[in-house]
2 protein chains.
Amino acid sequence: MSAAPCIVLIEPQLGENIGAAARAMANFGLSDLRLVRPRDGWPSERARANAAGADRVIDAARLFETAAEAVSDLNFVVATSARARGMNKPVATPEIAGREMRARIADGHTCGVLFGPERSGLENDDIAIADWIVRVPVAPSFVSLNLAQAVLLVGYEWLKSAGGSADSADPARGGGRRAERRSAAASRGDVLALFEHLETELDLAGFLKPPEKRPAMQRNLRNMILRMNPTDQDVRTWRGIVTALTQHARRGEERS
Amino acid sequence: MSAAPCIVLIEPQLGENIGAAARAMANFGLSDLRLVRPRDGWPSERARANAAGADRVIDAARLFETAAEAVSDLNFVVATSARARGMNKPVATPEIAGREMRARIADGHTCGVLFGPERSGLENDDIAIADWIVRVPVAPSFVSLNLAQAVLLVGYEWLKSAGGSADSADPARGGGRRAERRSAAASRGDVLALFEHLETELDLAGFLKPPEKRPAMQRNLRNMILRMNPTDQDVRTWRGIVTALTQHARRGEERS
């Protein structure tokens with residue numbers, strides 16, 4: 001039983017593409033590569049060279065004579081295909097397929113994804129042994145995806161399916177992780193002190209005029225700063241900036 | 001104004017990779033390719049050969065001397081990076097970034113995605129001009145994604161975001177923010193001009209010292225301002241503030 005789907009390449013033509021597919025698998029935590037009649041034989045130095053370090057996947061790859069043998073131990077199989085095939089099978093996106101396989105594997109089942117030869121894609125007979133067809137959404141004007149790219153997208157959606165809700169990582173909704181743990185959020189008192197400091201200096205500089213517009217200008221200014229979601233350190237920085245920009249003014253006035 | 005995000009490759013090394021990136025763009029309906037100092041020059045026959053028919057993208061690619069120039073007409077910029085950078089910027093998945101760009105473009109804004117050189121990724125200074133960092137979720141044991149793969153995943157999520165956009169259309173979530181942004185997001189060129197104005201004045205005031213700390217201080221400053229998500233009017237306001245706070249200084253110096 002495998003903790004992740006296996007990738008089954010049917011009659012892959014170029015060792016380069018097998019290597020690139022292995023690399024894409026490693027990127028997303030897949031390790032079980034199965035090859036059915038690779039055209040240029042196996043093992044393949046070109047595959048290894050193009051695996052860019054994913055040697056573990058290359059070393060563990062297994063050869064099969066037929067697609068049926070390659071999938072014989074699996075419980076759930078999806079077949080990637082760019083075209084509608086009139087096969088009367090469910091057609092899913094990689095995202096949906098990733099989630100489905102995640103759920104089935106959690107139930108103790110084994111899953112695999114079939115990919116056809118680079119030029120022609122899967123034969124109908126190979127698609128027939130799959131439960132679902134997976135089709136990658138592409139622009140209608142330019143549909144050709146290469147083999148490793150297709151493996152990449154399936155692997156990507158597999159790894160994504162492990163995550164929590166997408167929304168919790170959405171910075172636009174206040175979620176998301178910061179590249180660095182932010183220093184403590186500023187207290188509202190410190191932020192208000194920054195407002196007063198800045199506004200006092202702007203009054204001295206004659207900026208917040210005319211008087212009837214001052215309240216709106218002040219609100220706008222405060223909103224801009226609050227939108228930064230300022231930390232303690234941010235507030236200190238802005239206080240420093242205001243002081244630096246005005247200190248020449250102070251010195252000039254004292255001299256005059 | 002573009003109906004899809006542009007792809008900005010900073011110092012791409014190999015023409016092959018530029019071509020593969022162009023192909024990935026075409027797969028997902030992206031057409032605006034911008035190149036900043038491609039190492040091996042431009043045009044590139046290797047790029048064309050590897051574009052696998054995406055000639056339209058190659059033909060329309062534009063060259064820029066700096067990242068700042070390449071993004072100057074954009075309203076929203078995301079930077080792809082594999083590593084946490086201590087940049088205090090929101091970090092999003094390609095999926096969330098795709099939805100966000102979809103929503104912003106629907107509002108009439110322009111968006112772009114930055115990719116760094118194959119070997120090293122984006123420099124901190126290039127990340128600093130972006131609003132968000134986008135990180136592709138990969139297996140911790142094997143994180144290297146090549147350039148075209150990263151472009152592919154961003155393009156894939158962009159195209160996918162055209163589908164179930166119920167979330168991004170939900171006015172209960174971030175509706176106010178979007179209503180506000182409709183008042184015209186600042187072009188990145190105007191924001192960069194504000195940075196230069198502020199930093200020039202801070203240099204004159206002796207604030208950005210000592211020299212070894214200047215780059216970090218500058219990035220921090222830029223990040224704070226970008227976090228405001230500034231509109232056109234916000235940028236004008238901050239230019240006005242900097243001018244107001246420093247005009248005393250000017251007058252004082254003239255008098256002394």
# chains A, B, ... in the order shown; residues from 1 in each chain; ligands from 1
>>> calpha_fit_rmsd(fixed="chain B", moving="chain A")
24.2 Å
>>> residues_around(residues="A:Arg37", least_positions_apart="4", cutoff="7 Å", atoms="only C-alpha atoms", output="PyMOL selection string")
chain A and resi 10-11+64-65
>>> residues_around(residues="A:Ala130", least_positions_apart="5", cutoff="7 Å", atoms="only C-alpha atoms", output="list in words")
Val77, Val78 and Ala79 of chain A
>>> atom_distance(atom1="atom CA of B:Asn223", atom2="atom CA of B:Val113")
17.0 Å
>>> residues_around(residues="stretch 207-222 of chain A", least_positions_apart="5", cutoff="7 Å", atoms="only C-alpha atoms", output="MDAnalysis selection string")
(chainID A and resid 195 202) or (chainID B and resid 244)
>>> write_last_selection(atoms="N, CA and C atoms", output="compact mmCIF listing (two decimals), in the first residue's frame")
# COMPACT_ATOMS: atom_id res chain seq x y z
N PHE A 195 0.22 59.41 14.75
CA PHE A 195 -0.69 60.32 14.04
C PHE A 195 -0.48 61.76 14.52
N LEU A 202 2.78 68.41 10.11
CA LEU A 202 2.12 68.83 8.87
C LEU A 202 1.38 70.15 9.07
N ALA B 244 6.12 68.81 2.08
CA ALA B 244 5.76 69.74 3.15
C ALA B 244 6.75 69.65 4.30
>>> select_by_dssp(residues="stretch 64-149 of chain B", states="alpha helix (DSSP H)", output="list in words")
Ala67, Ala68, Glu69, Ala70, Pro94, Glu95, Ile96, Ala97, Gly98, Arg99, Glu100, Met101, Arg102, Ala103, Arg104, Ile105, Ala106, Asn124, Asp125, Asp126, Ile127, Leu147, Ala148 and Gln149 of chain B
>>> write_last_selection(atoms="N, CA, C and O atoms", output="short mmCIF file (atom, residue, chain, number, x, y, z; two decimals), in the first residue's frame")
data_model
loop_
_atom_site.label_atom_id
_atom_site.label_comp_id
_atom_site.auth_asym_id
_atom_site.auth_seq_id
_atom_site.Cartn_x
_atom_site.Cartn_y
_atom_site.Cartn_z
N ALA B 67 14.19 45.78 -13.42
CA ALA B 67 12.91 45.25 -12.96
C ALA B 67 11.92 46.40 -12.76
O ALA B 67 10.74 46.29 -13.10
N ALA B 68 12.43 47.51 -12.23
CA ALA B 68 11.54 48.66 -11.98
C ALA B 68 10.90 49.14 -13.28
O ALA B 68 9.71 49.44 -13.32
N GLU B 69 11.69 49.22 -14.35
CA GLU B 69 11.11 49.64 -15.63
C GLU B 69 10.09 48.63 -16.13
O GLU B 69 9.06 48.99 -16.68
N ALA B 70 10.40 47.37 -15.94
CA ALA B 70 9.51 46.32 -16.46
C ALA B 70 8.14 46.33 -15.79
O ALA B 70 7.15 45.92 -16.39
N PRO B 94 0.10 30.03 -5.40
CA PRO B 94 -0.27 30.42 -6.77
C PRO B 94 -1.79 30.50 -6.95
O PRO B 94 -2.29 31.35 -7.69
N GLU B 95 -2.51 29.64 -6.27
CA GLU B 95 -3.97 29.65 -6.39
C GLU B 95 -4.56 30.96 -5.90
O GLU B 95 -5.38 31.60 -6.59
N ILE B 96 -4.14 31.38 -4.73
CA ILE B 96 -4.66 32.63 -4.17
C ILE B 96 -4.21 33.81 -5.03
O ILE B 96 -4.99 34.73 -5.30
N ALA B 97 -2.96 33.77 -5.48
CA ALA B 97 -2.47 34.86 -6.31
C ALA B 97 -3.24 34.92 -7.63
O ALA B 97 -3.56 36.00 -8.12
N GLY B 98 -3.56 33.75 -8.18
CA GLY B 98 -4.34 33.73 -9.42
C GLY B 98 -5.71 34.37 -9.23
O GLY B 98 -6.16 35.17 -10.04
N ARG B 99 -6.34 34.04 -8.13
CA ARG B 99 -7.67 34.63 -7.87
C ARG B 99 -7.58 36.13 -7.63
O ARG B 99 -8.42 36.89 -8.09
N GLU B 100 -6.55 36.51 -6.89
CA GLU B 100 -6.41 37.94 -6.60
C GLU B 100 -6.18 38.73 -7.88
O GLU B 100 -6.78 39.78 -8.09
N MET B 101 -5.31 38.21 -8.76
CA MET B 101 -5.04 38.93 -10.01
C MET B 101 -6.30 38.95 -10.88
O MET B 101 -6.60 39.95 -11.53
N ARG B 102 -7.03 37.85 -10.87
CA ARG B 102 -8.29 37.80 -11.63
C ARG B 102 -9.24 38.90 -11.16
O ARG B 102 -9.84 39.62 -11.96
N ALA B 103 -9.36 39.04 -9.85
CA ALA B 103 -10.27 40.05 -9.29
C ALA B 103 -9.78 41.46 -9.62
O ALA B 103 -10.56 42.35 -9.98
N ARG B 104 -8.47 41.65 -9.50
CA ARG B 104 -7.94 43.00 -9.75
C ARG B 104 -8.06 43.36 -11.22
O ARG B 104 -8.36 44.51 -11.56
N ILE B 105 -7.80 42.41 -12.09
CA ILE B 105 -7.90 42.71 -13.53
C ILE B 105 -9.35 43.00 -13.89
O ILE B 105 -9.63 43.87 -14.72
N ALA B 106 -10.28 42.31 -13.23
CA ALA B 106 -11.70 42.61 -13.47
C ALA B 106 -12.02 44.05 -13.06
O ALA B 106 -12.93 44.67 -13.60
N ASN B 124 16.61 40.21 -3.21
CA ASN B 124 15.72 40.91 -2.28
C ASN B 124 15.25 42.25 -2.84
O ASN B 124 14.10 42.65 -2.62
N ASP B 125 16.12 42.94 -3.56
CA ASP B 125 15.71 44.25 -4.09
C ASP B 125 14.61 44.13 -5.12
O ASP B 125 13.79 45.04 -5.27
N ASP B 126 14.59 43.03 -5.84
CA ASP B 126 13.51 42.83 -6.81
C ASP B 126 12.22 42.40 -6.11
O ASP B 126 11.12 42.81 -6.48
N ILE B 127 12.37 41.59 -5.08
CA ILE B 127 11.18 41.21 -4.30
C ILE B 127 10.57 42.44 -3.63
O ILE B 127 9.35 42.55 -3.50
N LEU B 147 12.44 27.13 -13.90
CA LEU B 147 11.77 28.39 -14.23
C LEU B 147 10.46 28.14 -14.97
O LEU B 147 9.41 28.69 -14.61
N ALA B 148 10.51 27.32 -16.02
CA ALA B 148 9.31 27.11 -16.83
C ALA B 148 8.23 26.41 -16.02
O ALA B 148 7.03 26.68 -16.21
N GLN B 149 8.62 25.55 -15.09
CA GLN B 149 7.63 24.88 -14.24
C GLN B 149 6.92 25.88 -13.34
O GLN B 149 5.71 25.80 -13.12
#
>>> closest_residue(among="A:Met25, A:Leu33, A:Ala82, A:Val138", to="chain B", atoms="only C-alpha atoms")
A:Val138
>>> select_by_dssp(residues="stretch 10-74 of chain B", states="strand (DSSP E)", output="MDAnalysis selection string")
chainID B and resid 10 33:36 62:64
>>> write_last_selection(atoms="all heavy atoms", output="PDB file, in the first residue's frame")
ATOM      1  N   ILE B  10      13.425  37.982 -14.720  1.00  0.00           N
ATOM      2  CA  ILE B  10      14.589  38.798 -14.386  1.00  0.00           C
ATOM      3  C   ILE B  10      15.852  37.980 -14.661  1.00  0.00           C
ATOM      4  O   ILE B  10      16.024  36.899 -14.096  1.00  0.00           O
ATOM      5  CB  ILE B  10      14.577  39.203 -12.897  1.00  0.00           C
ATOM      6  CG1 ILE B  10      13.202  39.725 -12.478  1.00  0.00           C
ATOM      7  CG2 ILE B  10      15.689  40.202 -12.593  1.00  0.00           C
ATOM      8  CD1 ILE B  10      12.883  41.105 -12.874  1.00  0.00           C
ATOM      9  N   LEU B  33       5.059  38.840 -22.276  1.00  0.00           N
ATOM     10  CA  LEU B  33       6.331  38.390 -21.693  1.00  0.00           C
ATOM     11  C   LEU B  33       7.315  39.558 -21.665  1.00  0.00           C
ATOM     12  O   LEU B  33       7.533  40.222 -22.678  1.00  0.00           O
ATOM     13  CB  LEU B  33       6.897  37.235 -22.521  1.00  0.00           C
ATOM     14  CG  LEU B  33       8.290  36.717 -22.152  1.00  0.00           C
ATOM     15  CD1 LEU B  33       8.345  36.202 -20.711  1.00  0.00           C
ATOM     16  CD2 LEU B  33       8.720  35.613 -23.127  1.00  0.00           C
ATOM     17  N   ARG B  34       7.905  39.792 -20.505  1.00  0.00           N
ATOM     18  CA  ARG B  34       8.870  40.882 -20.351  1.00  0.00           C
ATOM     19  C   ARG B  34      10.184  40.313 -19.828  1.00  0.00           C
ATOM     20  O   ARG B  34      10.197  39.551 -18.858  1.00  0.00           O
ATOM     21  CB  ARG B  34       8.326  41.935 -19.375  1.00  0.00           C
ATOM     22  CG  ARG B  34       6.973  42.460 -19.819  1.00  0.00           C
ATOM     23  CD  ARG B  34       6.386  43.440 -18.836  1.00  0.00           C
ATOM     24  NE  ARG B  34       5.079  43.899 -19.318  1.00  0.00           N
ATOM     25  CZ  ARG B  34       4.428  44.957 -18.840  1.00  0.00           C
ATOM     26  NH1 ARG B  34       4.959  45.651 -17.857  1.00  0.00           N
ATOM     27  NH2 ARG B  34       3.261  45.307 -19.332  1.00  0.00           N
ATOM     28  N   LEU B  35      11.266  40.684 -20.470  1.00  0.00           N
ATOM     29  CA  LEU B  35      12.578  40.130 -20.124  1.00  0.00           C
ATOM     30  C   LEU B  35      13.480  41.244 -19.625  1.00  0.00           C
ATOM     31  O   LEU B  35      13.611  42.280 -20.278  1.00  0.00           O
ATOM     32  CB  LEU B  35      13.215  39.486 -21.361  1.00  0.00           C
ATOM     33  CG  LEU B  35      12.370  38.428 -22.071  1.00  0.00           C
ATOM     34  CD1 LEU B  35      13.041  38.011 -23.379  1.00  0.00           C
ATOM     35  CD2 LEU B  35      12.161  37.218 -21.158  1.00  0.00           C
ATOM     36  N   VAL B  36      14.089  41.020 -18.470  1.00  0.00           N
ATOM     37  CA  VAL B  36      15.033  41.982 -17.924  1.00  0.00           C
ATOM     38  C   VAL B  36      16.433  41.385 -18.024  1.00  0.00           C
ATOM     39  O   VAL B  36      16.728  40.377 -17.388  1.00  0.00           O
ATOM     40  CB  VAL B  36      14.684  42.323 -16.457  1.00  0.00           C
ATOM     41  CG1 VAL B  36      15.713  43.279 -15.860  1.00  0.00           C
ATOM     42  CG2 VAL B  36      13.284  42.909 -16.366  1.00  0.00           C
ATOM     43  N   ARG B  62       9.111  41.802 -24.699  1.00  0.00           N
ATOM     44  CA  ARG B  62       9.778  43.095 -24.630  1.00  0.00           C
ATOM     45  C   ARG B  62      10.945  43.059 -23.658  1.00  0.00           C
ATOM     46  O   ARG B  62      10.905  42.362 -22.647  1.00  0.00           O
ATOM     47  CB  ARG B  62       8.789  44.179 -24.174  1.00  0.00           C
ATOM     48  CG  ARG B  62       7.867  44.617 -25.291  1.00  0.00           C
ATOM     49  CD  ARG B  62       6.860  45.626 -24.778  1.00  0.00           C
ATOM     50  NE  ARG B  62       5.839  44.996 -23.959  1.00  0.00           N
ATOM     51  CZ  ARG B  62       4.995  45.677 -23.174  1.00  0.00           C
ATOM     52  NH1 ARG B  62       5.081  46.985 -23.091  1.00  0.00           N
ATOM     53  NH2 ARG B  62       4.087  45.033 -22.475  1.00  0.00           N
ATOM     54  N   LEU B  63      11.984  43.816 -23.992  1.00  0.00           N
ATOM     55  CA  LEU B  63      13.202  43.877 -23.186  1.00  0.00           C
ATOM     56  C   LEU B  63      13.193  45.092 -22.275  1.00  0.00           C
ATOM     57  O   LEU B  63      12.784  46.176 -22.695  1.00  0.00           O
ATOM     58  CB  LEU B  63      14.418  44.000 -24.102  1.00  0.00           C
ATOM     59  CG  LEU B  63      15.042  42.749 -24.686  1.00  0.00           C
ATOM     60  CD1 LEU B  63      16.272  43.156 -25.496  1.00  0.00           C
ATOM     61  CD2 LEU B  63      15.444  41.786 -23.579  1.00  0.00           C
ATOM     62  N   PHE B  64      13.696  44.917 -21.057  1.00  0.00           N
ATOM     63  CA  PHE B  64      13.823  46.037 -20.128  1.00  0.00           C
ATOM     64  C   PHE B  64      15.197  45.978 -19.473  1.00  0.00           C
ATOM     65  O   PHE B  64      15.778  44.907 -19.311  1.00  0.00           O
ATOM     66  CB  PHE B  64      12.732  45.992 -19.057  1.00  0.00           C
ATOM     67  CG  PHE B  64      11.343  46.195 -19.606  1.00  0.00           C
ATOM     68  CD1 PHE B  64      10.605  45.109 -20.070  1.00  0.00           C
ATOM     69  CD2 PHE B  64      10.788  47.459 -19.680  1.00  0.00           C
ATOM     70  CE1 PHE B  64       9.332  45.289 -20.590  1.00  0.00           C
ATOM     71  CE2 PHE B  64       9.514  47.652 -20.190  1.00  0.00           C
ATOM     72  CZ  PHE B  64       8.784  46.566 -20.658  1.00  0.00           C
TER      73      PHE B  64
END
>>> atom_distance(atom1="atom CA of A:Ala47", atom2="atom CA of A:Gly15")
4.3 Å
>>> residues_around(residues="B:Pro43", least_positions_apart="2", cutoff="12 Å", atoms="only C-alpha atoms", output="number ranges by chain")
B: 14-16, 18-19, 35, 37-41, 45-49, 55, 58-63
>>> atom_distance(atom1="atom CA of A:Ala92", atom2="atom CA of A:Ile133")
6.2 Å
>>> residues_around(residues="stretch 232-239 of chain B", least_positions_apart="6", cutoff="9 Å", atoms="only C-alpha atoms", output="PyMOL selection string")
(chain A and resi 220-221+224) or (chain B and resi 183-187+190-191+194+197-198)
>>> write_last_selection(atoms="N, CA, C and O atoms", output="PDB file, in the first residue's frame")
ATOM      1  N   ASN A 220      -7.984  60.457   6.019  1.00  0.00           N
ATOM      2  CA  ASN A 220      -7.341  59.758   4.913  1.00  0.00           C
ATOM      3  C   ASN A 220      -5.921  59.314   5.288  1.00  0.00           C
ATOM      4  O   ASN A 220      -5.504  58.183   5.045  1.00  0.00           O
ATOM      5  N   LEU A 221      -5.206  60.223   5.921  1.00  0.00           N
ATOM      6  CA  LEU A 221      -3.836  59.955   6.369  1.00  0.00           C
ATOM      7  C   LEU A 221      -3.827  58.790   7.361  1.00  0.00           C
ATOM      8  O   LEU A 221      -3.018  57.858   7.267  1.00  0.00           O
ATOM      9  N   MET A 224      -4.534  55.468   5.699  1.00  0.00           N
ATOM     10  CA  MET A 224      -3.388  54.931   4.950  1.00  0.00           C
ATOM     11  C   MET A 224      -2.434  54.215   5.892  1.00  0.00           C
ATOM     12  O   MET A 224      -1.942  53.126   5.601  1.00  0.00           O
TER      13      MET A 224
ATOM     14  N   SER B 183     -10.863  53.340  -6.977  1.00  0.00           N
ATOM     15  CA  SER B 183     -10.524  54.743  -7.168  1.00  0.00           C
ATOM     16  C   SER B 183      -9.155  54.903  -7.820  1.00  0.00           C
ATOM     17  O   SER B 183      -8.595  55.979  -7.776  1.00  0.00           O
ATOM     18  N   ALA B 184      -8.614  53.878  -8.418  1.00  0.00           N
ATOM     19  CA  ALA B 184      -7.387  53.907  -9.211  1.00  0.00           C
ATOM     20  C   ALA B 184      -6.156  53.551  -8.399  1.00  0.00           C
ATOM     21  O   ALA B 184      -5.642  54.354  -7.627  1.00  0.00           O
ATOM     22  N   ALA B 185      -5.708  52.330  -8.553  1.00  0.00           N
ATOM     23  CA  ALA B 185      -4.466  51.911  -7.927  1.00  0.00           C
ATOM     24  C   ALA B 185      -3.320  52.678  -8.568  1.00  0.00           C
ATOM     25  O   ALA B 185      -3.337  52.948  -9.759  1.00  0.00           O
ATOM     26  N   ALA B 186      -2.336  53.037  -7.757  1.00  0.00           N
ATOM     27  CA  ALA B 186      -1.173  53.735  -8.289  1.00  0.00           C
ATOM     28  C   ALA B 186      -0.410  52.814  -9.231  1.00  0.00           C
ATOM     29  O   ALA B 186      -0.343  51.606  -9.006  1.00  0.00           O
ATOM     30  N   SER B 187       0.145  53.392 -10.297  1.00  0.00           N
ATOM     31  CA  SER B 187       1.035  52.590 -11.128  1.00  0.00           C
ATOM     32  C   SER B 187       2.306  52.333 -10.327  1.00  0.00           C
ATOM     33  O   SER B 187       2.683  53.127  -9.455  1.00  0.00           O
ATOM     34  N   ASP B 190       4.787  55.194 -10.407  1.00  0.00           N
ATOM     35  CA  ASP B 190       4.552  56.313  -9.494  1.00  0.00           C
ATOM     36  C   ASP B 190       4.960  55.964  -8.071  1.00  0.00           C
ATOM     37  O   ASP B 190       5.468  56.806  -7.330  1.00  0.00           O
ATOM     38  N   VAL B 191       4.734  54.706  -7.693  1.00  0.00           N
ATOM     39  CA  VAL B 191       5.130  54.288  -6.343  1.00  0.00           C
ATOM     40  C   VAL B 191       6.655  54.315  -6.226  1.00  0.00           C
ATOM     41  O   VAL B 191       7.214  54.780  -5.230  1.00  0.00           O
ATOM     42  N   LEU B 194       7.816  57.733  -5.734  1.00  0.00           N
ATOM     43  CA  LEU B 194       7.636  58.146  -4.335  1.00  0.00           C
ATOM     44  C   LEU B 194       8.775  57.613  -3.467  1.00  0.00           C
ATOM     45  O   LEU B 194       9.332  58.340  -2.636  1.00  0.00           O
ATOM     46  N   HIS B 197      11.802  59.744  -4.028  1.00  0.00           N
ATOM     47  CA  HIS B 197      11.635  61.059  -3.417  1.00  0.00           C
ATOM     48  C   HIS B 197      11.892  60.980  -1.906  1.00  0.00           C
ATOM     49  O   HIS B 197      12.704  61.716  -1.348  1.00  0.00           O
ATOM     50  N   LEU B 198      11.215  60.041  -1.267  1.00  0.00           N
ATOM     51  CA  LEU B 198      11.341  59.895   0.191  1.00  0.00           C
ATOM     52  C   LEU B 198      12.766  59.526   0.579  1.00  0.00           C
ATOM     53  O   LEU B 198      13.346  60.100   1.512  1.00  0.00           O
TER      54      LEU B 198
END
>>> residues_around(residues="A:Pro5", least_positions_apart="4", cutoff="8 Å", atoms="only C-alpha atoms", output="list of chain:residue names")
A:Leu30, A:Asp32, A:Met101, A:Thr110, A:Cys111, A:Gly112, A:Val113
>>> write_last_selection(atoms="all heavy atoms", output="JSON list (two decimals), in the first residue's frame")
[["chain", "number", "residue", "atom", "x", "y", "z"],
["A", 30, "LEU", "N", 5.93, 12.57, -4.69],
["A", 30, "LEU", "CA", 5.57, 11.29, -5.30],
["A", 30, "LEU", "C", 6.85, 10.49, -5.54],
["A", 30, "LEU", "O", 7.87, 11.04, -5.95],
["A", 30, "LEU", "CB", 4.84, 11.51, -6.62],
["A", 30, "LEU", "CG", 3.56, 12.34, -6.55],
["A", 30, "LEU", "CD1", 2.97, 12.56, -7.93],
["A", 30, "LEU", "CD2", 2.54, 11.68, -5.64],
["A", 32, "ASP", "N", 6.65, 6.70, -6.56],
["A", 32, "ASP", "CA", 6.42, 5.41, -7.20],
["A", 32, "ASP", "C", 6.20, 5.60, -8.71],
["A", 32, "ASP", "O", 5.11, 5.94, -9.16],
["A", 32, "ASP", "CB", 5.20, 4.75, -6.54],
["A", 32, "ASP", "CG", 4.93, 3.33, -7.06],
["A", 32, "ASP", "OD1", 5.55, 2.92, -8.06],
["A", 32, "ASP", "OD2", 4.08, 2.64, -6.45],
["A", 101, "MET", "N", -8.09, 11.25, -4.79],
["A", 101, "MET", "CA", -7.04, 10.27, -4.44],
["A", 101, "MET", "C", -6.62, 10.44, -2.97],
["A", 101, "MET", "O", -6.38, 9.45, -2.27],
["A", 101, "MET", "CB", -5.85, 10.42, -5.38],
["A", 101, "MET", "CG", -6.21, 10.00, -6.82],
["A", 101, "MET", "SD", -4.78, 9.86, -7.93],
["A", 101, "MET", "CE", -4.28, 11.57, -8.08],
["A", 110, "THR", "N", -5.14, 2.25, -2.85],
["A", 110, "THR", "CA", -3.99, 2.65, -3.65],
["A", 110, "THR", "C", -4.46, 3.28, -4.95],
["A", 110, "THR", "O", -5.46, 2.86, -5.53],
["A", 110, "THR", "CB", -3.09, 1.44, -3.98],
["A", 110, "THR", "OG1", -3.93, 0.43, -4.56],
["A", 110, "THR", "CG2", -2.43, 0.89, -2.74],
["A", 111, "CYS", "N", -3.72, 4.30, -5.41],
["A", 111, "CYS", "CA", -4.15, 5.08, -6.57],
["A", 111, "CYS", "C", -2.99, 5.25, -7.54],
["A", 111, "CYS", "O", -1.82, 5.22, -7.15],
["A", 111, "CYS", "CB", -4.61, 6.47, -6.12],
["A", 111, "CYS", "SG", -6.00, 6.45, -4.98],
["A", 112, "GLY", "N", -3.36, 5.46, -8.81],
["A", 112, "GLY", "CA", -2.34, 5.73, -9.81],
["A", 112, "GLY", "C", -2.87, 6.62, -10.91],
["A", 112, "GLY", "O", -4.09, 6.71, -11.13],
["A", 113, "VAL", "N", -1.95, 7.28, -11.61],
["A", 113, "VAL", "CA", -2.31, 8.19, -12.69],
["A", 113, "VAL", "C", -1.58, 7.76, -13.96],
["A", 113, "VAL", "O", -0.36, 7.61, -13.95],
["A", 113, "VAL", "CB", -1.93, 9.65, -12.35],
["A", 113, "VAL", "CG1", -2.48, 10.60, -13.41],
["A", 113, "VAL", "CG2", -2.42, 10.03, -10.96]]
